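Text of target_32.cif (mmCIF, C-alpha atoms and all ligand atoms) as supplied:
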```
data_protein
#
loop_
_atom_site.label_atom_id
_atom_site.label_comp_id
_atom_site.auth_asym_id
_atom_site.auth_seq_id
_atom_site.Cartn_x
_atom_site.Cartn_y
_atom_site.Cartn_z
CA MET U 29 169.57 101.99 137.21
CA LEU U 30 168.07 104.69 139.40
CA ARG U 31 164.43 105.64 138.91
CA LYS U 32 165.28 109.25 138.09
CA ASP U 33 167.53 107.97 135.29
CA ARG U 34 164.69 105.82 133.93
CA TYR U 35 162.46 108.91 133.83
CA LYS U 36 165.17 110.90 132.12
CA ALA U 37 165.65 108.22 129.44
CA PHE U 38 161.87 107.80 129.03
CA ILE U 39 161.28 111.52 128.49
CA GLU U 40 164.30 111.89 126.24
CA TYR U 41 163.25 109.00 124.02
CA PHE U 42 159.60 109.94 123.57
CA SER U 43 160.00 113.70 123.34
CA THR U 44 162.45 113.05 120.49
CA HIS U 45 160.57 110.29 118.68
CA GLN U 46 156.88 110.98 119.42
CA PRO U 47 156.61 114.65 120.40
CA ASP U 48 153.09 114.91 118.97
CA ALA U 49 151.53 111.66 120.16
CA LYS U 50 147.78 112.07 120.40
CA THR U 51 144.55 110.17 120.96
CA GLU U 52 143.43 107.77 118.26
CA LEU U 53 139.77 108.60 118.87
CA ASN U 54 138.14 110.72 116.15
CA TYR U 55 136.32 113.87 117.32
CA SER U 56 135.87 117.46 116.32
CA THR U 57 134.52 119.12 119.48
CA PRO U 58 135.09 118.64 123.24
CA TYR U 59 131.54 117.23 123.49
CA GLU U 60 132.31 114.62 120.83
CA LEU U 61 135.55 113.71 122.59
CA LEU U 62 133.65 113.27 125.85
CA VAL U 63 131.15 110.95 124.15
CA ALA U 64 133.95 108.96 122.47
CA VAL U 65 135.95 108.59 125.68
CA ILE U 66 132.90 107.38 127.64
CA LEU U 67 132.26 104.84 124.90
CA SER U 68 135.88 103.71 124.77
CA ALA U 69 135.92 102.13 128.24
CA GLN U 70 136.71 98.41 127.80
CA CYS U 71 136.50 98.82 124.03
CA THR U 72 138.97 99.55 121.22
CA ASP U 73 139.35 103.02 119.71
CA LYS U 74 139.00 101.41 116.29
CA ARG U 75 135.52 100.13 117.13
CA ILE U 76 134.49 103.50 118.62
CA ASN U 77 135.66 105.31 115.48
CA GLN U 78 133.46 103.02 113.42
CA ILE U 79 130.26 103.93 115.23
CA THR U 80 130.75 107.59 116.17
CA PRO U 81 130.16 109.18 112.72
CA ALA U 82 126.50 108.08 112.70
CA LEU U 83 126.14 108.82 116.41
CA PHE U 84 127.51 112.36 116.06
CA GLU U 85 125.34 112.99 113.03
CA ARG U 86 122.17 112.06 114.95
CA PHE U 87 123.31 113.79 118.19
CA PRO U 88 125.48 116.72 117.09
CA ASP U 89 125.26 118.52 120.43
CA PRO U 90 124.52 117.68 124.07
CA TYR U 91 121.04 119.29 123.96
CA ILE U 92 119.86 116.88 121.26
CA LEU U 93 121.42 113.96 123.13
CA ALA U 94 119.80 115.07 126.40
CA ALA U 95 116.39 115.10 124.72
CA SER U 96 116.85 111.54 123.49
CA THR U 97 116.41 108.24 125.32
CA PRO U 98 118.88 105.49 126.23
CA GLU U 99 116.82 103.14 124.05
CA GLU U 100 117.43 105.27 120.97
CA VAL U 101 121.12 105.82 121.77
CA PHE U 102 121.50 102.06 122.24
CA THR U 103 120.62 101.46 118.58
CA TYR U 104 123.68 103.52 117.55
CA ILE U 105 126.15 101.95 119.98
CA LYS U 106 125.00 98.35 120.27
CA SER U 107 128.25 96.99 118.79
CA VAL U 108 130.45 98.43 121.58
CA SER U 109 131.00 96.77 124.94
CA TYR U 110 128.38 97.38 127.67
CA PRO U 111 125.98 99.24 125.34
CA ASN U 112 123.10 99.39 127.84
CA ASN U 113 125.14 101.07 130.56
CA LYS U 114 126.87 103.35 128.10
CA ALA U 115 123.57 104.45 126.53
CA ASN U 116 122.32 105.38 130.01
CA HIS U 117 125.56 107.17 130.79
CA LEU U 118 125.54 109.17 127.56
CA VAL U 119 122.01 110.49 128.04
CA GLY U 120 122.70 111.14 131.74
CA MET U 121 125.95 112.93 130.88
CA ALA U 122 124.19 115.14 128.32
CA LYS U 123 121.50 116.05 130.87
CA VAL U 124 124.08 117.16 133.44
CA LEU U 125 126.20 118.89 130.79
CA THR U 126 123.22 120.96 129.59
CA SER U 127 121.58 121.63 132.95
CA GLN U 128 124.71 122.43 134.99
CA PHE U 129 127.33 123.54 132.49
CA ASN U 130 125.38 125.25 129.67
CA GLY U 131 126.40 122.51 127.28
CA GLU U 132 130.12 123.34 127.65
CA VAL U 133 132.49 120.58 128.73
CA PRO U 134 133.97 121.78 132.04
CA ALA U 135 137.70 121.90 132.71
CA ALA U 136 137.84 120.92 136.38
CA ILE U 137 138.27 117.23 137.16
CA GLU U 138 135.69 117.50 139.98
CA ASP U 139 133.10 119.04 137.62
CA LEU U 140 133.73 116.44 134.94
CA GLN U 141 133.24 113.68 137.48
CA LYS U 142 129.74 114.98 138.26
CA MET U 143 128.59 113.48 134.98
CA PRO U 144 127.41 109.88 134.69
CA GLY U 145 129.98 107.62 133.03
CA VAL U 146 132.83 110.00 133.84
CA GLY U 147 135.30 108.61 136.36
CA ARG U 148 138.72 109.95 137.22
CA LYS U 149 140.33 108.34 134.17
CA THR U 150 137.87 109.88 131.68
CA ALA U 151 138.02 113.25 133.45
CA ASN U 152 141.83 113.25 133.22
CA VAL U 153 141.71 112.41 129.51
CA ILE U 154 139.31 115.28 128.77
CA SER U 155 141.14 117.75 130.95
CA SER U 156 144.53 116.94 129.39
CA ILE U 157 143.38 116.84 125.76
CA VAL U 158 140.83 119.66 125.70
CA TYR U 159 142.39 122.00 128.25
CA GLU U 160 146.02 120.82 127.98
CA ALA U 161 146.06 120.41 131.76
CA PRO U 162 148.84 118.40 133.41
CA ALA U 163 146.50 115.46 134.08
CA LEU U 164 147.45 111.86 133.47
CA ALA U 165 144.79 109.22 132.94
CA VAL U 166 145.85 105.72 133.93
CA ASP U 167 144.24 102.98 131.88
CA THR U 168 145.36 99.38 131.66
CA HIS U 169 148.18 100.21 129.17
CA VAL U 170 149.59 103.10 131.20
CA PHE U 171 149.39 100.97 134.34
CA ARG U 172 151.21 98.01 132.79
CA VAL U 173 153.94 99.93 130.94
CA ALA U 174 154.73 102.26 133.84
CA ASN U 175 155.16 99.23 136.09
CA ARG U 176 157.24 97.27 133.59
CA ILE U 177 159.62 100.07 132.75
CA GLY U 178 160.06 100.79 136.44
CA LEU U 179 158.68 104.32 136.44
CA VAL U 180 156.54 103.42 139.46
CA GLN U 181 157.24 101.31 142.50
CA ASN U 182 154.78 99.39 144.64
CA ALA U 183 151.93 101.13 142.83
CA LYS U 184 149.08 98.66 142.93
CA THR U 185 146.16 100.87 141.92
CA PRO U 186 145.62 103.25 138.99
CA LEU U 187 145.54 106.19 141.40
CA ALA U 188 148.88 105.20 142.96
CA VAL U 189 150.40 104.95 139.48
CA GLU U 190 148.96 108.34 138.51
CA LYS U 191 150.35 110.01 141.65
CA GLN U 192 153.86 108.66 141.12
CA LEU U 193 153.97 109.54 137.42
CA VAL U 194 152.68 113.06 138.02
CA LYS U 195 155.26 113.54 140.77
CA PHE U 196 158.24 112.65 138.59
CA ILE U 197 157.26 113.85 135.11
CA PRO U 198 157.70 117.60 134.47
CA ASN U 199 154.31 119.38 134.26
CA LYS U 200 154.54 120.35 130.61
CA MET U 201 155.25 116.70 129.65
CA ILE U 202 152.45 115.05 131.64
CA ARG U 203 149.73 115.23 129.02
CA HIS U 204 152.11 113.79 126.41
CA ALA U 205 153.29 111.00 128.71
CA HIS U 206 149.73 109.68 128.84
CA HIS U 207 149.74 109.08 125.07
CA TRP U 208 153.32 107.80 125.03
CA LEU U 209 152.51 105.11 127.56
CA ILE U 210 149.15 104.16 126.02
CA LEU U 211 150.49 103.83 122.48
CA HIS U 212 153.57 101.93 123.61
CA GLY U 213 151.37 99.53 125.57
CA ARG U 214 148.92 99.15 122.70
CA TYR U 215 151.47 98.31 120.01
CA ILE U 216 154.72 97.11 121.59
CA CYS U 217 154.56 96.45 125.31
CA VAL U 218 151.40 94.38 124.91
CA ALA U 219 149.92 92.53 127.87
CA ARG U 220 150.61 88.87 127.16
CA ARG U 221 153.91 88.86 125.27
CA PRO U 222 155.67 92.22 125.25
CA LYS U 223 157.60 92.67 122.01
CA CYS U 224 160.92 93.35 123.70
CA GLU U 225 162.80 92.18 120.61
CA ILE U 226 161.65 95.30 118.71
CA CYS U 227 161.29 97.68 121.65
CA PRO U 228 163.51 100.76 121.67
CA LEU U 229 163.28 101.10 125.47
CA THR U 230 165.28 98.03 126.50
CA HIS U 231 168.23 100.12 127.70
CA PHE U 232 166.21 101.53 130.59
CA CYS U 233 163.37 99.03 131.06
CA GLN U 234 163.30 97.25 134.42
CA TYR U 235 161.27 94.31 133.10
CA TYR U 236 163.85 93.72 130.36
CA GLU U 237 166.70 94.06 132.83
CA TYR U 238 165.11 91.36 135.01
CA GLN U 239 164.54 89.11 132.02
CA GLN U 240 168.20 89.33 131.04
CA LYS U 241 169.16 88.20 134.54
CA GLY U 242 166.72 85.28 134.27
CA LYS U 243 164.38 86.80 136.86
CA MET U 244 160.67 87.53 136.64
CA LEU U 245 159.23 90.89 137.60
CA THR U 246 156.01 90.55 139.58
CA GLU U 247 153.34 92.57 137.82
CA PRO U 248 150.44 93.99 139.85
CA ALA U 249 147.02 93.43 138.28
CA TYR U 250 145.18 96.46 136.93
CA ASN U 251 142.13 96.56 139.12
CA VAL U 252 139.70 99.43 138.87
CA GLN U 253 137.00 97.36 140.53
CA LYS U 254 138.49 97.59 144.02
CA LYS U 255 136.88 100.92 144.82
CA GLU U 256 133.55 99.84 143.36
CA LYS U 257 133.58 96.69 145.48
CA ILE U 258 134.13 98.79 148.58
CA LYS U 259 131.28 101.06 147.47
CA VAL U 260 128.99 98.06 147.09
CA SER U 261 129.95 96.69 150.44
CA ASN U 262 129.40 100.11 152.06
CA LYS U 263 125.99 100.20 150.46
CA ALA U 264 125.29 96.71 151.77
CA ILE U 265 126.35 97.84 155.23
CA LYS U 266 124.00 100.84 155.01
CA ILE U 267 121.10 98.65 153.93
CA GLY U 268 121.93 96.22 156.74
CA GLN U 269 122.00 99.10 159.25
CA ALA U 270 118.67 100.45 157.97
CA LEU U 271 117.08 97.00 158.23
CA LYS U 272 118.47 96.59 161.73
CA LYS U 273 117.01 99.98 162.79
CA TYR U 274 113.68 99.05 161.27
CA ALA U 275 113.71 95.67 163.07
CA VAL U 276 114.53 97.37 166.39
CA LYS U 277 111.68 99.88 165.86
CA GLU U 278 109.25 97.12 165.02
CA GLU U 279 110.39 95.17 168.04
CA ASP U 280 109.79 98.26 170.21
CA ARG U 281 106.37 98.75 168.72
CA PHE U 282 105.52 95.12 169.34
CA LEU U 283 106.73 95.26 172.94
CA LYS U 284 104.72 98.46 173.62
CA LYS U 285 101.48 96.85 172.50
S1 LIG U 301 161.54 96.21 126.81
FE1 LIG U 301 159.80 94.83 126.75
S2 LIG U 301 158.82 95.05 128.76
FE2 LIG U 301 160.20 96.80 128.47
S3 LIG U 301 158.90 98.41 127.66
FE3 LIG U 301 159.84 97.32 125.94
S4 LIG U 301 158.32 95.79 125.36
FE4 LIG U 301 157.80 96.48 127.41
#
```

Any chance you could put this one into structure tokens?
Amino acid sequence: MLRKDRYKAFIEYFSTHQPDAKTELNYSTPYELLVAVILSAQCTDKRINQITPALFERFPDPYILAASTPEEVFTYIKSVSYPNNKANHLVGMAKVLTSQFNGEVPAAIEDLQKMPGVGRKTANVISSIVYEAPALAVDTHVFRVANRIGLVQNAKTPLAVEKQLVKFIPNKMIRHAHHWLILHGRYICVARRPKCEICPLTHFCQYYEYQQKGKMLTEPAYNVQKKEKIKVSNKAIKIGQALKKYAVKEEDRFLKK
């Protein structure tokens, strides 16, 4: 099957059966959505929905959150993954949101990414849900399902997957495709044992096609750490260079004595 035909079948199926797919996070304002999405990294939406009512009641707007401390925020979010980092991110985000954007969640991906805890994935989620922009966030579910179905080829990073999906999916469908892929990955095309026996996409899924022929499809690993590792090593290089400069200076000083 050609890739363009897979896209056609994918769009046809979901726009017929799940035209209104949406996020499972509970929120009532863009600020609340931003908080919930930051919290949802490496955590389930169900867990986030359990803790956000109390959190939103205590911090109903970014100004109140900005005036708080990570220690206080921690007490509201301690049952989610990485609560220390996320508490820091939330207060930091609120400070930037109030000082640079008048408390209004910005629309531009670059502006969103200026806030602590907001990477490209979170920025894309906010931009597509709040501003209905044609942005497609690639999380582990989107990454896995897009690869399995065969919507992307040789896409080994979330960014590569995002670029290919955005290229082939019509603009007005992009923000829906994000939810289609996430929900399908969360409930049917699960990581360890995809439920192909109940999946309605078998007629155009590449993974299923391979399985039927007795072949295995090699699945790239979802790895968002790559970039961070490079960042760390660049930082290490900079520190190394600074130390080297310092050592050379000291050596000069010593020799001049
Ligand atoms: S057929 Fe199987 S591998 Fe393909 S999308 Fe469905 S559950 Fe996933």

Which residue gives the smallest distance to ligand LIG 301 (chain U) among U:Glu225, U:Glu52, U:Glu99, U:Glu85, with all atoms listed in the file counted?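 Among the listed residues, U:Glu225 lies closest to ligand LIG 301 (chain U).
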
Kindly compile the residues surrounding ligand LIG 301 (chain U) within 6 Å, counting all atoms listed in the file, and format them as a PyMOL selection string. chain U and resi 176-177+216-217+222-224+227+229-230+233+235-236

Can you spit out the residues from that selection as an mmCIF file, in the coordinates of the input, using C-alpha atoms?
```
data_model
loop_
_atom_site.group_PDB
_atom_site.id
_atom_site.type_symbol
_atom_site.label_atom_id
_atom_site.label_comp_id
_atom_site.auth_asym_id
_atom_site.auth_seq_id
_atom_site.Cartn_x
_atom_site.Cartn_y
_atom_site.Cartn_z
ATOM 1 C CA ARG U 176 157.240 97.270 133.590
ATOM 2 C CA ILE U 177 159.620 100.070 132.750
ATOM 3 C CA ILE U 216 154.720 97.110 121.590
ATOM 4 C CA CYS U 217 154.560 96.450 125.310
ATOM 5 C CA PRO U 222 155.670 92.220 125.250
ATOM 6 C CA LYS U 223 157.600 92.670 122.010
ATOM 7 C CA CYS U 224 160.920 93.350 123.700
ATOM 8 C CA CYS U 227 161.290 97.680 121.650
ATOM 9 C CA LEU U 229 163.280 101.100 125.470
ATOM 10 C CA THR U 230 165.280 98.030 126.500
ATOM 11 C CA CYS U 233 163.370 99.030 131.060
ATOM 12 C CA TYR U 235 161.270 94.310 133.100
ATOM 13 C CA TYR U 236 163.850 93.720 130.360
#
```

Residues at most 12 Å from U:Pro144, counting only C-alpha atoms, excluding those fewer than 4 positions away in the same chain, as number ranges by chain? U: 62-63, 66, 113-125, 139-140, 148, 150-151

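Among the candidate residues U:Val166, U:Val158, U:Ala174, U:Ala49, the one lying nearest to U:His207 is U:Ala49, with distances computed using only C-alpha atoms.
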
Residue among U:Gln240, U:Ser68, U:Thr246, U:Asn152 lying closest to U:Gln181, counting only C-alpha atoms: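 Answer, going by the shortest atom-to-atom distance: U:Thr246.
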
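Nearest to U:Tyr41 of all the residues U:Leu209, U:Ala188, U:Ala219, U:Leu53 is U:Leu209, counting only C-alpha atoms.
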
So which one's closest to U:Gln46, U:His206, U:His231, U:Asn251, U:Arg86? Using all atoms listed in the file, please.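 Of all the options, U:His206 lies closest to U:Gln46.
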
If we count only C-alpha atoms and set the cut-off at 8 Å, which residues sit around U:Met29, ignoring sequence neighbours fewer than 4 positions away in its own chain? Please answer as number ranges by chain. U: 33-34, 232

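Closest approach to U:Ile137 from the set U:Leu164, U:Ser43, U:Gly242, U:Asn112 is made by U:Leu164, with distances taken over only C-alpha atoms.
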
Interatomic distance (Å, one decimal) between atom CA of U:Pro98 and atom CA of U:Thr51: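 Between these atoms lies a distance of 26.6 Å.
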
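Here the residues that fall within 10 Å of (157.1, 105.3, 137.9), using all atoms listed in the file, are given as Arg31, Lys32, Arg34, Tyr35, Phe171, Val173, Ala174, Asn175, Arg176, Ile177, Gly178, Leu179, Val180, Gln181, Asn182, Ala183, Ala188, Val189, Glu190, Lys191, Gln192, Leu193, Val194, Lys195, Phe196 and Ile197 of chain U.
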
What is the distance, in Å and to one decimal place, between atom CA of U:Leu93 and atom CA of U:Glu138? 22.4 Å

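Between atom CA of U:Ile154 and atom CA of U:Thr57 the interatomic distance comes to 11.1 Å.
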
Residue neighbourhood U:Ser156, 9 Å, all atoms listed in the file, exclusion window fewer than 3 positions, as an MDAnalysis selection string: chainID U and resid 151:153 159:165 202:204 206

Produce a file of the selected residues containing C-alpha atoms, as an mmCIF file, keeping the file's coordinate frame.
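For reference, out_34.cif as written:
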```
data_model
loop_
_atom_site.group_PDB
_atom_site.id
_atom_site.type_symbol
_atom_site.label_atom_id
_atom_site.label_comp_id
_atom_site.auth_asym_id
_atom_site.auth_seq_id
_atom_site.Cartn_x
_atom_site.Cartn_y
_atom_site.Cartn_z
ATOM 1 C CA ALA U 151 138.020 113.250 133.450
ATOM 2 C CA ASN U 152 141.830 113.250 133.220
ATOM 3 C CA VAL U 153 141.710 112.410 129.510
ATOM 4 C CA TYR U 159 142.390 122.000 128.250
ATOM 5 C CA GLU U 160 146.020 120.820 127.980
ATOM 6 C CA ALA U 161 146.060 120.410 131.760
ATOM 7 C CA PRO U 162 148.840 118.400 133.410
ATOM 8 C CA ALA U 163 146.500 115.460 134.080
ATOM 9 C CA LEU U 164 147.450 111.860 133.470
ATOM 10 C CA ALA U 165 144.790 109.220 132.940
ATOM 11 C CA ILE U 202 152.450 115.050 131.640
ATOM 12 C CA ARG U 203 149.730 115.230 129.020
ATOM 13 C CA HIS U 204 152.110 113.790 126.410
ATOM 14 C CA HIS U 206 149.730 109.680 128.840
#
```

Box centre and edge lengths (Å, one decimal), axis-aligned, stretch 211-224 of chain U plus 4 Å each side, as AutoDock Vina command-line options:
```
--center_x 154.9 --center_y 96.3 --center_z 123.9 --size_x 20.0 --size_y 23.0 --size_z 15.9
```

Where atoms are lacking, stretch 118-140 of chain U completed to N, CA and C atoms, as a compact mmCIF listing (two decimals), in the coordinates of the input:
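Final output, saved to result-v1.txt:
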```txt
# COMPACT_ATOMS: atom_id res chain seq x y z
N LEU U 118 125.46 108.08 128.54
CA LEU U 118 125.54 109.17 127.56
C LEU U 118 124.37 110.14 127.72
N VAL U 119 123.17 109.60 127.88
CA VAL U 119 122.01 110.49 128.04
C VAL U 119 122.12 111.24 129.38
N GLY U 120 122.53 110.51 130.41
CA GLY U 120 122.70 111.14 131.74
C GLY U 120 123.76 112.22 131.68
N MET U 121 124.87 111.94 131.01
CA MET U 121 125.95 112.93 130.88
C MET U 121 125.43 114.18 130.18
N ALA U 122 124.69 113.99 129.09
CA ALA U 122 124.19 115.14 128.32
C ALA U 122 123.23 115.97 129.17
N LYS U 123 122.44 115.30 130.01
CA LYS U 123 121.50 116.05 130.87
C LYS U 123 122.26 116.92 131.87
N VAL U 124 123.30 116.37 132.48
CA VAL U 124 124.08 117.16 133.44
C VAL U 124 124.85 118.27 132.71
N LEU U 125 125.41 117.91 131.56
CA LEU U 125 126.20 118.89 130.79
C LEU U 125 125.34 120.10 130.40
N THR U 126 124.09 119.85 130.01
CA THR U 126 123.22 120.96 129.59
C THR U 126 122.61 121.70 130.77
N SER U 127 122.26 120.95 131.83
CA SER U 127 121.58 121.63 132.95
C SER U 127 122.56 122.34 133.88
N GLN U 128 123.77 121.81 134.03
CA GLN U 128 124.71 122.43 134.99
C GLN U 128 125.84 123.21 134.35
N PHE U 129 126.15 122.89 133.09
CA PHE U 129 127.33 123.54 132.49
C PHE U 129 127.03 124.23 131.15
N ASN U 130 125.78 124.56 130.92
CA ASN U 130 125.38 125.25 129.67
C ASN U 130 125.86 124.55 128.41
N GLY U 131 125.99 123.26 128.48
CA GLY U 131 126.40 122.51 127.28
C GLY U 131 127.89 122.56 127.00
N GLU U 132 128.66 123.24 127.86
CA GLU U 132 130.12 123.34 127.65
C GLU U 132 130.83 122.32 128.52
N VAL U 133 131.75 121.58 127.95
CA VAL U 133 132.49 120.58 128.73
C VAL U 133 133.38 121.31 129.74
N PRO U 134 133.19 121.04 131.04
CA PRO U 134 133.97 121.78 132.04
C PRO U 134 135.43 121.35 132.07
N ALA U 135 136.27 122.19 132.67
CA ALA U 135 137.70 121.90 132.71
C ALA U 135 138.11 121.18 133.99
N ALA U 136 137.41 121.47 135.09
CA ALA U 136 137.84 120.92 136.38
C ALA U 136 137.50 119.43 136.48
N ILE U 137 138.44 118.68 137.01
CA ILE U 137 138.27 117.23 137.16
C ILE U 137 137.02 116.94 138.00
N GLU U 138 136.83 117.74 139.08
CA GLU U 138 135.69 117.50 139.98
C GLU U 138 134.38 117.73 139.23
N ASP U 139 134.32 118.76 138.40
CA ASP U 139 133.10 119.04 137.62
C ASP U 139 132.85 117.93 136.60
N LEU U 140 133.89 117.51 135.94
CA LEU U 140 133.73 116.44 134.94
C LEU U 140 133.19 115.18 135.59
```
